[in-house]
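*Asks:* Here you go, one structure.
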Amino acid sequence: MTPRTAGFNSIDYADAHPITLMATDIYMFIGGGSAGTAGGIKVTTAMVLLAAMAAEFRGRSATTVGHRTVPKSVVRQAMTVAAAGIGAVTAGVATLRICDPQFTADQVNFEVISAFATTGLSTGITADLSTPSQLALCLLMYLGRVGPFTLVAALALRNVSRRFDYPTERPFIG
């Protein structure tokens with residue numbers, strides 16, 4: 001498998017089919033295991049989110065995986081990390097699309113997700129990008145390497161308690 005944190009590719013992604021690029025985007029965005037050096041939001045984050053969705057679809061209040069309950073704080077951390085990753089990638093795609101509109105969406109998405117996931121893969125457009133786009137990719141590489149880990153550490157250590165609660169509101173979702 002080539003979408004890993006090494007920068008090695010076994011195929012030329014410039015010639016890859018759009019579906020291949022999309023599948024690789026998904027693998028890169030999820031990334032590797034939590035204890036490893038791989039980028040992305042991490043496999044455990046994705047699995048916690050899938051388990052939480054499955055619990056919600058089944059109408060269950062608790063998220064369970066393999067006869068174990070996942071604490072609500074962990075589910076919230078997973079949602080926060082995934083949302084932050086999606087936000088960073090979206091901002092990166094928007095930056096590249098504005099600064100370098102001559103490239104296709106498939107190429108831009110691949111470059112941005114590869115930068116966020118720190119895989120080192122490219123469709124070959126990086127050298128032709130404008131300076132603001134290249135700086136955006138550099139920022140994404142930094143965020144992708146340091147961001148998820150730092151965010152989870154900060155969320156795990158932070159527990160602010162209040163002496164009061166606001167009234168409960170049940171908004172309609174969907």
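The way I read the labels, and the way they are meant: chains A, B, ... in the order of the structure tokens, residue 1 as the first residue of every chain, and ligand 1 as the first ligand shown, with later ones counted on from there.
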Within 9 Å of segment 16-24 of chain A, which residues of segment 96-168 of chain A show up? Give each one with its shortest atom-to-atom distance in Å (one decimal) and the two atoms involved, counting only C-alpha atoms, rows by chain then rising residue number, as a Markdown table.
*Replies:*
| residue | atom | partner | partner_atom | distance |
| --- | --- | --- | --- | --- |
| A:Asp106 | CA | A:Pro18 | CA | 6.5 |
| A:Gln107 | CA | A:Leu21 | CA | 8.3 |
| A:Asn109 | CA | A:Met22 | CA | 8.5 |
| A:Phe110 | CA | A:Leu21 | CA | 6.7 |
| A:Thr123 | CA | A:Ala16 | CA | 8.6 |
*Asks:* Quick one: write out the picked residues with N, CA and C atoms as a PDB file, in the first residue's frame?
*Replies:*
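Contents of selection-v6.pdb, freshly written:
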ATOM      1  N   ASP A 106      -9.370  17.075  -8.467  1.00  0.00           N
ATOM      2  CA  ASP A 106      -8.736  15.825  -8.041  1.00  0.00           C
ATOM      3  C   ASP A 106      -7.285  16.062  -7.653  1.00  0.00           C
ATOM      4  N   GLN A 107      -6.561  16.833  -8.457  1.00  0.00           N
ATOM      5  CA  GLN A 107      -5.156  17.117  -8.160  1.00  0.00           C
ATOM      6  C   GLN A 107      -5.020  17.920  -6.859  1.00  0.00           C
ATOM      7  N   ASN A 109      -7.219  18.264  -4.320  1.00  0.00           N
ATOM      8  CA  ASN A 109      -7.618  17.460  -3.159  1.00  0.00           C
ATOM      9  C   ASN A 109      -6.502  16.506  -2.753  1.00  0.00           C
ATOM     10  N   PHE A 110      -5.904  15.855  -3.737  1.00  0.00           N
ATOM     11  CA  PHE A 110      -4.836  14.889  -3.456  1.00  0.00           C
ATOM     12  C   PHE A 110      -3.648  15.575  -2.791  1.00  0.00           C
ATOM     13  N   THR A 123       0.645  14.437  -7.128  1.00  0.00           N
ATOM     14  CA  THR A 123       0.266  14.230  -8.522  1.00  0.00           C
ATOM     15  C   THR A 123       1.226  14.966  -9.446  1.00  0.00           C
TER      16      THR A 123
END
*Asks:* Within 8 Å of segment 69-82 of chain A, which residues of segment 96-154 of chain A show up? Give each one with its shortest atom-to-atom distance in Å (one decimal) and the two atoms involved, counting only C-alpha atoms, rows by chain then rising residue number, as a Markdown table.
*Replies:*
| residue | atom | partner | partner_atom | distance |
| --- | --- | --- | --- | --- |
| A:Pro148 | CA | A:Val81 | CA | 6.1 |
| A:Leu151 | CA | A:Val81 | CA | 7.1 |
| A:Val152 | CA | A:Gln77 | CA | 6.6 |
*Asks:* Those same residues - N, CA, C and O atoms - I'd like them written as a short mmCIF file (atom, residue, chain, number, x, y, z; two decimals), in the first residue's frame.
*Replies:*
data_model
loop_
_atom_site.label_atom_id
_atom_site.label_comp_id
_atom_site.auth_asym_id
_atom_site.auth_seq_id
_atom_site.Cartn_x
_atom_site.Cartn_y
_atom_site.Cartn_z
N PRO A 148 -3.30 16.96 15.32
CA PRO A 148 -4.19 15.99 15.97
C PRO A 148 -3.68 15.52 17.33
O PRO A 148 -4.43 15.43 18.30
N LEU A 151 -4.04 18.42 19.80
CA LEU A 151 -5.45 18.66 20.09
C LEU A 151 -6.00 17.62 21.06
O LEU A 151 -6.68 17.96 22.04
N VAL A 152 -5.69 16.36 20.84
CA VAL A 152 -6.17 15.30 21.73
C VAL A 152 -5.56 15.46 23.11
O VAL A 152 -6.25 15.31 24.13
#
*Asks:* Taking the DSSP assignment computed from this structure's backbone, write out as an NGL selection string all residues of chain A that belong to alpha helix (DSSP H).
*Replies:* :A and (18-30 or 43-57 or 72-99 or 105-117 or 131-157)
*Asks:* Could you name the residues that touch Ile26 of chain A at 12 Å or less, counting only C-alpha atoms, but leaving out those on the same chain fewer than 4 positions away, as an NGL selection string?
*Replies:* :A and (3-4 or 19-22 or 30-32 or 40-43 or 46 or 86 or 109-110 or 113-114 or 116-117)
*Asks:* Give me a file of those residues, with all heavy atoms, as a short mmCIF file (atom, residue, chain, number, x, y, z; two decimals), in the first residue's frame.
*Replies:*
data_model
loop_
_atom_site.label_atom_id
_atom_site.label_comp_id
_atom_site.auth_asym_id
_atom_site.auth_seq_id
_atom_site.Cartn_x
_atom_site.Cartn_y
_atom_site.Cartn_z
N PRO A 3 -0.16 4.78 0.20
CA PRO A 3 -0.46 6.03 0.92
C PRO A 3 -0.04 5.97 2.39
O PRO A 3 -0.84 5.92 3.30
CB PRO A 3 -1.97 6.17 0.79
CG PRO A 3 -2.47 4.81 0.59
CD PRO A 3 -1.37 4.07 -0.11
N ARG A 4 1.26 5.92 2.59
CA ARG A 4 1.78 5.85 3.94
C ARG A 4 2.80 6.97 4.13
O ARG A 4 3.22 7.60 3.19
CB ARG A 4 2.42 4.49 4.20
CG ARG A 4 3.45 4.10 3.17
CD ARG A 4 3.97 2.70 3.42
NE ARG A 4 4.68 2.68 4.67
CZ ARG A 4 5.99 2.50 4.77
NH1 ARG A 4 6.72 2.31 3.70
NH2 ARG A 4 6.57 2.50 5.94
N ILE A 19 -11.02 7.84 -9.45
CA ILE A 19 -11.49 6.98 -8.36
C ILE A 19 -10.31 6.47 -7.52
O ILE A 19 -10.41 6.37 -6.29
CB ILE A 19 -12.31 5.79 -8.92
CG1 ILE A 19 -13.58 6.29 -9.59
CG2 ILE A 19 -12.64 4.77 -7.83
CD1 ILE A 19 -14.55 7.00 -8.67
N THR A 20 -9.20 6.19 -8.18
CA THR A 20 -8.00 5.79 -7.45
C THR A 20 -7.52 6.92 -6.56
O THR A 20 -7.15 6.70 -5.40
CB THR A 20 -6.88 5.38 -8.43
OG1 THR A 20 -7.36 4.32 -9.26
CG2 THR A 20 -5.63 4.94 -7.70
N LEU A 21 -7.53 8.14 -7.09
CA LEU A 21 -7.14 9.30 -6.28
C LEU A 21 -8.08 9.48 -5.10
O LEU A 21 -7.64 9.76 -3.99
CB LEU A 21 -7.12 10.57 -7.14
CG LEU A 21 -6.04 10.63 -8.22
CD1 LEU A 21 -6.19 11.92 -9.03
CD2 LEU A 21 -4.65 10.54 -7.63
N MET A 22 -9.38 9.30 -5.32
CA MET A 22 -10.36 9.47 -4.25
C MET A 22 -10.15 8.41 -3.16
O MET A 22 -10.17 8.74 -1.96
CB MET A 22 -11.78 9.40 -4.79
CG MET A 22 -12.83 9.70 -3.73
SD MET A 22 -14.51 9.63 -4.35
CE MET A 22 -14.76 7.87 -4.47
N ILE A 30 -7.57 9.27 6.73
CA ILE A 30 -7.70 8.46 7.95
C ILE A 30 -6.32 8.24 8.56
O ILE A 30 -6.14 8.40 9.76
CB ILE A 30 -8.42 7.13 7.66
CG1 ILE A 30 -9.88 7.41 7.30
CG2 ILE A 30 -8.32 6.19 8.87
CD1 ILE A 30 -10.65 6.20 6.83
N GLY A 31 -5.35 7.88 7.77
CA GLY A 31 -3.98 7.74 8.26
C GLY A 31 -3.73 6.41 8.93
O GLY A 31 -4.34 5.41 8.62
N GLY A 32 -2.79 6.43 9.88
CA GLY A 32 -2.34 5.20 10.53
C GLY A 32 -2.84 5.07 11.95
O GLY A 32 -3.79 5.73 12.37
N GLY A 40 -2.74 12.00 9.39
CA GLY A 40 -4.18 11.76 9.29
C GLY A 40 -4.85 11.82 10.64
O GLY A 40 -4.22 12.09 11.66
N ILE A 41 -6.16 11.57 10.61
CA ILE A 41 -6.92 11.65 11.86
C ILE A 41 -6.76 10.40 12.71
O ILE A 41 -7.18 10.39 13.86
CB ILE A 41 -8.41 11.93 11.59
CG1 ILE A 41 -9.07 10.78 10.83
CG2 ILE A 41 -8.59 13.27 10.92
CD1 ILE A 41 -10.57 10.84 10.81
N LYS A 42 -6.21 9.36 12.18
CA LYS A 42 -5.90 8.08 12.83
C LYS A 42 -7.06 7.10 12.70
O LYS A 42 -8.23 7.46 12.68
CB LYS A 42 -5.52 8.23 14.30
CG LYS A 42 -4.44 9.24 14.57
CD LYS A 42 -3.14 8.85 13.94
CE LYS A 42 -2.06 9.84 14.37
NZ LYS A 42 -0.89 9.79 13.57
N VAL A 43 -6.69 5.84 12.62
CA VAL A 43 -7.65 4.75 12.45
C VAL A 43 -8.59 4.66 13.64
O VAL A 43 -9.80 4.45 13.48
CB VAL A 43 -6.91 3.41 12.23
CG1 VAL A 43 -7.87 2.24 12.21
CG2 VAL A 43 -6.10 3.45 10.95
N ALA A 46 -11.34 7.23 13.42
CA ALA A 46 -12.35 6.84 12.42
C ALA A 46 -13.23 5.72 12.94
O ALA A 46 -14.46 5.74 12.75
CB ALA A 46 -11.66 6.43 11.12
N ILE A 86 -11.13 17.97 8.92
CA ILE A 86 -11.95 18.36 7.77
C ILE A 86 -11.84 19.86 7.53
O ILE A 86 -11.72 20.32 6.39
CB ILE A 86 -13.41 17.92 7.97
CG1 ILE A 86 -13.52 16.40 7.90
CG2 ILE A 86 -14.34 18.57 6.94
CD1 ILE A 86 -14.86 15.85 8.37
N ASN A 109 -7.22 18.26 -4.32
CA ASN A 109 -7.62 17.46 -3.16
C ASN A 109 -6.50 16.51 -2.75
O ASN A 109 -6.20 16.35 -1.57
CB ASN A 109 -8.89 16.68 -3.45
CG ASN A 109 -10.11 17.55 -3.57
OD1 ASN A 109 -10.11 18.70 -3.16
ND2 ASN A 109 -11.16 17.00 -4.17
N PHE A 110 -5.90 15.85 -3.74
CA PHE A 110 -4.84 14.89 -3.46
C PHE A 110 -3.65 15.57 -2.79
O PHE A 110 -3.11 15.08 -1.80
CB PHE A 110 -4.40 14.19 -4.75
CG PHE A 110 -3.53 13.00 -4.52
CD1 PHE A 110 -4.08 11.75 -4.31
CD2 PHE A 110 -2.15 13.12 -4.52
CE1 PHE A 110 -3.27 10.65 -4.10
CE2 PHE A 110 -1.33 12.03 -4.31
CZ PHE A 110 -1.90 10.78 -4.10
N ILE A 113 -4.66 16.75 0.91
CA ILE A 113 -4.81 15.63 1.85
C ILE A 113 -3.47 14.96 2.08
O ILE A 113 -3.15 14.56 3.20
CB ILE A 113 -5.90 14.65 1.38
CG1 ILE A 113 -7.26 15.35 1.41
CG2 ILE A 113 -5.91 13.39 2.23
CD1 ILE A 113 -8.39 14.57 0.80
N SER A 114 -2.66 14.84 1.04
CA SER A 114 -1.32 14.28 1.20
C SER A 114 -0.47 15.13 2.14
O SER A 114 0.28 14.60 2.96
CB SER A 114 -0.63 14.16 -0.17
OG SER A 114 0.69 13.70 -0.01
N PHE A 116 -1.69 17.17 4.55
CA PHE A 116 -2.26 17.01 5.89
C PHE A 116 -1.86 15.67 6.51
O PHE A 116 -1.57 15.58 7.70
CB PHE A 116 -3.78 17.15 5.84
CG PHE A 116 -4.45 16.90 7.15
CD1 PHE A 116 -4.37 17.82 8.18
CD2 PHE A 116 -5.15 15.72 7.37
CE1 PHE A 116 -4.98 17.58 9.41
CE2 PHE A 116 -5.76 15.47 8.58
CZ PHE A 116 -5.67 16.41 9.61
N ALA A 117 -1.84 14.63 5.70
CA ALA A 117 -1.53 13.29 6.19
C ALA A 117 -0.03 13.02 6.22
O ALA A 117 0.38 11.95 6.66
CB ALA A 117 -2.22 12.24 5.32
#
*Asks:* Just list as a PyMOL selection string whatever in segment 11-173 of chain A DSSP marks as strand (DSSP E or B).
*Replies:* chain A and resi 63-65+68-70
*Asks:* Do a neighbour search on Ser130 of chain A at 7 Å with only C-alpha atoms, toss out local chain neighbours closer than 2 positions, and write the hits as an MDAnalysis selection string.
*Replies:* chainID A and resid 99:100 128 132:134
*Asks:* Counting only C-alpha atoms, which residue out of A:Thr131, A:Gly59, A:Leu140, A:Pro171 sits closest to Glu111 of chain A?
*Replies:*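 For Glu111 of chain A, the nearest of the given residues is A:Leu140.
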*Asks:* Excluding Leu135 of chain A and any residue of its chain fewer than 5 positions from it, enumerate the residues within 12 Å of it, using only C-alpha atoms, and give them as a list of chain:residue names.
*Replies:*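 Neighbouring residues, sequence-local ones excluded: A:Gly92, A:Thr95, A:Leu96, A:Cys99, A:Val112, A:Ala115, A:Thr126, A:Ala127, A:Leu129, A:Ser130, A:Leu140, A:Met141, A:Tyr142.
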*Asks:* I need the residues from that last selection saved to file as a PDB file, in the first residue's frame (with N, CA, C and O atoms), if you can.
*Replies:*
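This is the output file selection_31.pdb:
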ATOM      1  N   GLY A  92      -7.391  24.342   3.157  1.00  0.00           N
ATOM      2  CA  GLY A  92      -6.294  24.129   2.215  1.00  0.00           C
ATOM      3  C   GLY A  92      -6.775  24.002   0.786  1.00  0.00           C
ATOM      4  O   GLY A  92      -6.188  24.589  -0.140  1.00  0.00           O
ATOM      5  N   THR A  95      -7.807  27.420  -0.456  1.00  0.00           N
ATOM      6  CA  THR A  95      -6.633  28.245  -0.754  1.00  0.00           C
ATOM      7  C   THR A  95      -6.035  27.881  -2.104  1.00  0.00           C
ATOM      8  O   THR A  95      -5.751  28.763  -2.928  1.00  0.00           O
ATOM      9  N   LEU A  96      -5.828  26.595  -2.339  1.00  0.00           N
ATOM     10  CA  LEU A  96      -5.239  26.171  -3.612  1.00  0.00           C
ATOM     11  C   LEU A  96      -6.164  26.446  -4.790  1.00  0.00           C
ATOM     12  O   LEU A  96      -5.700  26.825  -5.867  1.00  0.00           O
ATOM     13  N   CYS A  99      -5.869  30.290  -5.381  1.00  0.00           N
ATOM     14  CA  CYS A  99      -4.552  30.740  -5.851  1.00  0.00           C
ATOM     15  C   CYS A  99      -4.097  30.059  -7.134  1.00  0.00           C
ATOM     16  O   CYS A  99      -3.317  30.640  -7.898  1.00  0.00           O
ATOM     17  N   VAL A 112      -3.536  18.416  -1.110  1.00  0.00           N
ATOM     18  CA  VAL A 112      -3.875  18.939   0.214  1.00  0.00           C
ATOM     19  C   VAL A 112      -3.977  17.811   1.238  1.00  0.00           C
ATOM     20  O   VAL A 112      -3.417  17.897   2.334  1.00  0.00           O
ATOM     21  N   ALA A 115      -0.601  16.448   2.035  1.00  0.00           N
ATOM     22  CA  ALA A 115       0.139  17.332   2.937  1.00  0.00           C
ATOM     23  C   ALA A 115      -0.360  17.166   4.370  1.00  0.00           C
ATOM     24  O   ALA A 115       0.440  17.031   5.301  1.00  0.00           O
ATOM     25  N   THR A 126       3.042  20.116  -7.287  1.00  0.00           N
ATOM     26  CA  THR A 126       3.552  20.918  -6.172  1.00  0.00           C
ATOM     27  C   THR A 126       4.554  21.971  -6.635  1.00  0.00           C
ATOM     28  O   THR A 126       4.491  23.123  -6.191  1.00  0.00           O
ATOM     29  N   ALA A 127       5.459  21.613  -7.504  1.00  0.00           N
ATOM     30  CA  ALA A 127       6.477  22.572  -7.971  1.00  0.00           C
ATOM     31  C   ALA A 127       5.860  23.701  -8.793  1.00  0.00           C
ATOM     32  O   ALA A 127       6.430  24.792  -8.859  1.00  0.00           O
ATOM     33  N   LEU A 129       2.873  25.064  -8.186  1.00  0.00           N
ATOM     34  CA  LEU A 129       1.946  25.854  -7.385  1.00  0.00           C
ATOM     35  C   LEU A 129       2.537  27.223  -7.068  1.00  0.00           C
ATOM     36  O   LEU A 129       3.756  27.392  -7.009  1.00  0.00           O
ATOM     37  N   SER A 130       1.669  28.189  -6.827  1.00  0.00           N
ATOM     38  CA  SER A 130       2.108  29.527  -6.445  1.00  0.00           C
ATOM     39  C   SER A 130       2.671  29.487  -5.021  1.00  0.00           C
ATOM     40  O   SER A 130       2.452  28.530  -4.273  1.00  0.00           O
ATOM     41  N   LEU A 140      -0.205  22.962   6.329  1.00  0.00           N
ATOM     42  CA  LEU A 140      -0.980  21.721   6.485  1.00  0.00           C
ATOM     43  C   LEU A 140      -0.095  20.567   6.932  1.00  0.00           C
ATOM     44  O   LEU A 140      -0.527  19.724   7.729  1.00  0.00           O
ATOM     45  N   MET A 141       1.128  20.508   6.416  1.00  0.00           N
ATOM     46  CA  MET A 141       2.046  19.448   6.847  1.00  0.00           C
ATOM     47  C   MET A 141       2.343  19.581   8.338  1.00  0.00           C
ATOM     48  O   MET A 141       2.368  18.586   9.071  1.00  0.00           O
ATOM     49  N   TYR A 142       2.551  20.797   8.785  1.00  0.00           N
ATOM     50  CA  TYR A 142       2.806  21.023  10.200  1.00  0.00           C
ATOM     51  C   TYR A 142       1.577  20.662  11.040  1.00  0.00           C
ATOM     52  O   TYR A 142       1.684  19.945  12.036  1.00  0.00           O
TER      53      TYR A 142
END
*Asks:* Atom CA of Ile98 of chain A to atom CA of Ile125 of chain A: how many Å, to one decimal?
*Replies:*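 Spanning atom CA of Ile98 of chain A to atom CA of Ile125 of chain A is a straight-line distance of 15.1 Å.
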*Asks:* Atom CA of Thr150 of chain A to atom CA of Ala84 of chain A: how many Å, to one decimal?
*Replies:* 11.8 Å
*Asks:* In Å, how far is it from atom CA of Phe8 of chain A to atom CA of Thr119 of chain A?
*Replies:*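 These atoms are spaced 8.3 Å apart.
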*Asks:* Mind checking which residues fall within 10 Å of Asp12 of chain A, counting only C-alpha atoms, ignoring those fewer than 5 positions away in the same chain, and posting them as a list of chain:residue names?
*Replies:*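 Returned residues: A:Leu121, A:Ser122, A:Thr123, A:Gly124.
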